[in-house]
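Engineer: Have a look at this one.
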Amino acid sequence: LALGLSACFGTPTPALPPTRLPDTSVEDTSPTWSPDGARLAFSTNRDGKFDIFVMNADGSNQTRLINKPETVNTAPVWSPDGAHIVFVATKTEDEFSQIFVANSDGSQLTQLTTTPRRDISPVWSPDGTRIAFASDRTGSLEVFVMNSDGSEQTRLTRTDGSSFAPAWSPDGKRIAFISTRDGAVTLYTMNPDGSNQTRLTDSQELSDLEPDLTLIWSPDGQSLVFVSSSSGAKIYSVNVNGSNLKPLVAESPASAPTFSPDGKRLAFAATRNGNPDIYLMNADGSAITRLTNK
C-alpha cells in the first residue's frame, strides 16, 4: 500500500511499489530496523489486509504486532529507545489517515492525530520526545511536528506547493524534507522549529530526479538517501551539502531504503527477475545480497 506524489498534489509520478517478503502471493511493505538492529517491523496483508508485524532481522519469528480491523495499517517506525512503534492507520472507506502509537509489544494502542484528513510519514526525533509528520489538513501536504503523546501539533512549513517526507538529522538539529516550492521537486532542510528553511542544492540534476515520498538521513549525518520517481524508482544518495549525488541502486523499481543502526548497511525493496523481495547492501551500494527468497 504505497502513496505516490500523484496522490498528494497531482504531479504525475509512480507510486512506490509494494515489497514482498517470504510468500510472493503476500505483500509486505515498509521494513524498518529496531534501534538495536535485532528486529524489523513491517506491514503485511498476509491475513487479508495490511497490519503491522515484527520479525527477527534474519526473517525468522514473524509475529503480528498490531491488528486494527477497521483500518489499513502501514509505515511502522520504532522509537529511539525501542519501547514504542508509531504507524499510520488509514480508513478504507474515505482514505483518511491518522497516526497511532503502541508499545513495541503491541499493547496500549493510542491515537495521536484526529484530523479528518491524511496524516502520514511519522518519524521520531532522536531523543524520542517529538514526532515529525506530513499532513494535508491545510489543503496541501505540509510538515508538522508534535510531542510524542500527540500534543502541541505545530505546522512547520508554509509555502506554495507541498512539503512532505520529514527526516530528522541524527543530532536532532535539523529536519530534511521534500518540497515542490520554487517549481521543482527537491530537498530542503530546516531547524526543528521550522526556521532557516534552505534548499539543499540548486542542482538541476537533483530536481530532475523528482524525489518521492521516501527520505532518510544516514546515521552519521553526512548524507541523505531518497527514491527517485522520474528514474523509475531508483535509490540515490546525496551529501547534505548537495555534493556527490549518485545512484545506490541502479536497477528499478526499488523502494523503502532503511539504514541499519550502525549505518553500514541499507535494506531496501526491489523487483528483480520478476520477484519482489527485500535486499541488503553496503551503504555505498556495493555487495547487494538478497534476503528473502522463499
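We label chains A, B, ... in the order they appear in the C-alpha cells, count residues from 1 in each chain, and number ligands from 1 in the order shown.
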Among region 62-202 of chain A, which ones does DSSP assign to strand (DSSP E or B) (computed from the backbone)? Answer as a ChimeraX atom specification.

Structural biologist: /A:63-66,71-78,84-91,97-103,110-111,118-124,130-135,142-147,154-155,163-168,175-179,186-190,198-199

Engineer: Pull the helix (DSSP H, G or I) assignments for region 28-237 of chain A out of DSSP run on the backbone, and list those residues as JSON, numbers by chain.

Structural biologist: {"A": [181, 182, 183, 204, 205, 206, 207, 208, 209]}

Engineer: Would you mind reading off the distance between CA of Gly232 (chain A) and CA of Thr214 (chain A), one decimal, in Å?

Structural biologist: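 Spanning CA of Gly232 (chain A) to CA of Thr214 (chain A) is a straight-line distance of 13.9 Å.
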
Engineer: Could you give me, as a Markdown table, a per-residue list for region 98-158 of chain A showing, wherever an atom lies at most 12 Å from an atom of region 72-94 of chain A, the closest pair of atoms and their distance in Å to one decimal, using only C-alpha atoms and sorting by chain then residue number from low to high?

Structural biologist:
| residue | atom | partner | partner_atom | distance |
| --- | --- | --- | --- | --- |
| A:Gln98 | CA | A:Ala89 | CA | 5.4 |
| A:Ile99 | CA | A:Val88 | CA | 4.7 |
| A:Phe100 | CA | A:Phe87 | CA | 5.5 |
| A:Val101 | CA | A:Val86 | CA | 4.2 |
| A:Ala102 | CA | A:Ile85 | CA | 5.5 |
| A:Asn103 | CA | A:His84 | CA | 4.3 |
| A:Ser104 | CA | A:His84 | CA | 4.5 |
| A:Asp105 | CA | A:His84 | CA | 8.1 |
| A:Gly106 | CA | A:Ile85 | CA | 8.2 |
| A:Ser107 | CA | A:His84 | CA | 9.4 |
| A:Gln108 | CA | A:His84 | CA | 9.7 |
| A:Leu109 | CA | A:Val86 | CA | 9.6 |
| A:Thr110 | CA | A:Val86 | CA | 9.4 |
| A:Gln111 | CA | A:Ala89 | CA | 9.3 |
| A:Leu112 | CA | A:Val86 | CA | 9.2 |
| A:Thr113 | CA | A:Val88 | CA | 9.9 |
| A:Thr114 | CA | A:Ala89 | CA | 11.0 |
| A:Pro116 | CA | A:Asp94 | CA | 9.2 |
| A:Arg117 | CA | A:Asp94 | CA | 9.2 |
| A:Arg118 | CA | A:Thr90 | CA | 8.2 |
| A:Asp119 | CA | A:Val88 | CA | 7.6 |
| A:Ile120 | CA | A:Val88 | CA | 6.2 |
| A:Ser121 | CA | A:Ala75 | CA | 7.0 |
| A:Pro122 | CA | A:Phe87 | CA | 7.0 |
| A:Val123 | CA | A:Val77 | CA | 6.7 |
| A:Trp124 | CA | A:Ser79 | CA | 6.1 |
| A:Ser125 | CA | A:Pro80 | CA | 7.9 |
| A:Pro126 | CA | A:Pro80 | CA | 6.2 |
| A:Asp127 | CA | A:Pro80 | CA | 6.8 |
| A:Gly128 | CA | A:Pro80 | CA | 5.8 |
| A:Thr129 | CA | A:Ser79 | CA | 9.3 |
| A:Arg130 | CA | A:Ser79 | CA | 10.0 |
| A:Ile131 | CA | A:Val86 | CA | 9.0 |
| A:Ala132 | CA | A:Val86 | CA | 11.1 |
| A:Phe133 | CA | A:Val88 | CA | 10.3 |
| A:Ala134 | CA | A:Val88 | CA | 11.2 |
| A:Ser135 | CA | A:Val88 | CA | 11.6 |
| A:Ser148 | CA | A:Val86 | CA | 9.4 |
| A:Asp149 | CA | A:Val86 | CA | 10.8 |
| A:Gly150 | CA | A:Val86 | CA | 11.1 |

Engineer: Counting only C-alpha atoms, which residues in region 131-220 of chain A sit no more than 10 Å from region 252-274 of chain A? For each one, give the nearest pair of atoms and the distance in Å, sorted by chain then residue number, as a tab-separated table.

Structural biologist:
residue	atom	partner	partner_atom	distance
A:Asp212	CA	A:Ser255	CA	9.7
A:Leu213	CA	A:Ala256	CA	9.3
A:Thr214	CA	A:Ala256	CA	6.6
A:Leu215	CA	A:Pro257	CA	8.3
A:Ile216	CA	A:Thr258	CA	7.2
A:Trp217	CA	A:Phe259	CA	8.4
A:Ser218	CA	A:Gly263	CA	6.4
A:Pro219	CA	A:Gly263	CA	5.2
A:Asp220	CA	A:Gly263	CA	7.0

Engineer: Filtering to all heavy atoms, could you give me those residues as a CSV table (one decimal), in the first residue's frame?

Structural biologist:
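For reference, out-v9.csv as written:
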chain,number,residue,atom,x,y,z
A,212,ASP,N,10.7,11.2,-4.3
A,212,ASP,CA,9.3,10.7,-4.0
A,212,ASP,C,9.2,10.7,-2.4
A,212,ASP,O,10.0,11.3,-1.7
A,212,ASP,CB,9.0,9.4,-4.6
A,212,ASP,CG,7.5,9.2,-4.9
A,212,ASP,OD1,6.7,9.8,-4.2
A,212,ASP,OD2,7.2,8.5,-5.9
A,213,LEU,N,8.2,10.0,-1.9
A,213,LEU,CA,7.8,10.0,-0.5
A,213,LEU,C,8.8,9.4,0.4
A,213,LEU,O,8.4,9.2,1.6
A,213,LEU,CB,6.4,9.5,-0.4
A,213,LEU,CG,5.3,10.4,-0.9
A,213,LEU,CD1,4.0,9.6,-0.8
A,213,LEU,CD2,5.3,11.7,-0.1
A,214,THR,N,9.9,8.9,0.0
A,214,THR,CA,10.9,8.3,0.9
A,214,THR,C,12.1,9.2,1.0
A,214,THR,O,12.8,9.5,0.0
A,214,THR,CB,11.3,6.9,0.4
A,214,THR,OG1,10.2,6.0,0.4
A,214,THR,CG2,12.3,6.3,1.4
A,215,LEU,N,12.5,9.5,2.3
A,215,LEU,CA,13.7,10.3,2.5
A,215,LEU,C,14.3,9.9,3.9
A,215,LEU,O,13.5,9.9,4.9
A,215,LEU,CB,13.4,11.8,2.5
A,215,LEU,CG,14.6,12.8,2.8
A,215,LEU,CD1,15.6,12.7,1.7
A,215,LEU,CD2,14.1,14.2,2.9
A,216,ILE,N,15.5,9.5,3.9
A,216,ILE,CA,16.2,9.1,5.2
A,216,ILE,C,17.5,9.8,5.3
A,216,ILE,O,18.2,10.1,4.3
A,216,ILE,CB,16.3,7.6,5.4
A,216,ILE,CG1,17.1,7.0,4.2
A,216,ILE,CG2,14.9,6.9,5.5
A,216,ILE,CD1,17.4,5.5,4.4
A,217,TRP,N,18.0,10.0,6.5
A,217,TRP,CA,19.3,10.6,6.8
A,217,TRP,C,20.2,9.4,7.2
A,217,TRP,O,19.8,8.5,8.0
A,217,TRP,CB,19.1,11.6,8.0
A,217,TRP,CG,20.0,12.8,7.9
A,217,TRP,CD1,21.4,12.7,7.9
A,217,TRP,CD2,19.6,14.1,7.9
A,217,TRP,NE1,21.9,14.0,7.8
A,217,TRP,CE2,20.8,14.9,7.9
A,217,TRP,CE3,18.4,14.8,8.0
A,217,TRP,CZ2,20.8,16.3,7.9
A,217,TRP,CZ3,18.4,16.2,8.0
A,217,TRP,CH2,19.6,16.9,7.9
A,218,SER,N,21.4,9.5,6.8
A,218,SER,CA,22.4,8.5,7.2
A,218,SER,C,22.7,8.6,8.7
A,218,SER,O,22.7,9.8,9.2
A,218,SER,CB,23.7,8.6,6.4
A,218,SER,OG,24.3,9.8,6.6
A,219,PRO,N,23.0,7.6,9.4
A,219,PRO,CA,23.2,7.7,10.8
A,219,PRO,C,24.4,8.6,11.2
A,219,PRO,O,24.4,9.1,12.3
A,219,PRO,CB,23.5,6.2,11.3
A,219,PRO,CG,22.7,5.4,10.3
A,219,PRO,CD,22.8,6.2,9.0
A,220,ASP,N,25.4,8.8,10.3
A,220,ASP,CA,26.5,9.7,10.6
A,220,ASP,C,26.2,11.1,10.2
A,220,ASP,O,27.0,12.0,10.5
A,220,ASP,CB,27.7,9.2,9.8
A,220,ASP,CG,27.6,9.3,8.3
A,220,ASP,OD1,26.6,9.8,7.8
A,220,ASP,OD2,28.6,8.9,7.6

Engineer: CA of Ser163 (chain A) and CA of Asp28 (chain A), how far apart in Å?

Structural biologist: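 For CA of Asp28 (chain A) relative to CA of Ser163 (chain A), the distance reads 26.8 Å.
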
Engineer: Return the single residue from A:Ser195, A:Ser223, A:Lys173, A:Ala184 that is closest to Leu209 (chain A), with distances computed using only C-alpha atoms.

Structural biologist: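 Distance minimum relative to Leu209 (chain A) lands on A:Ala184.
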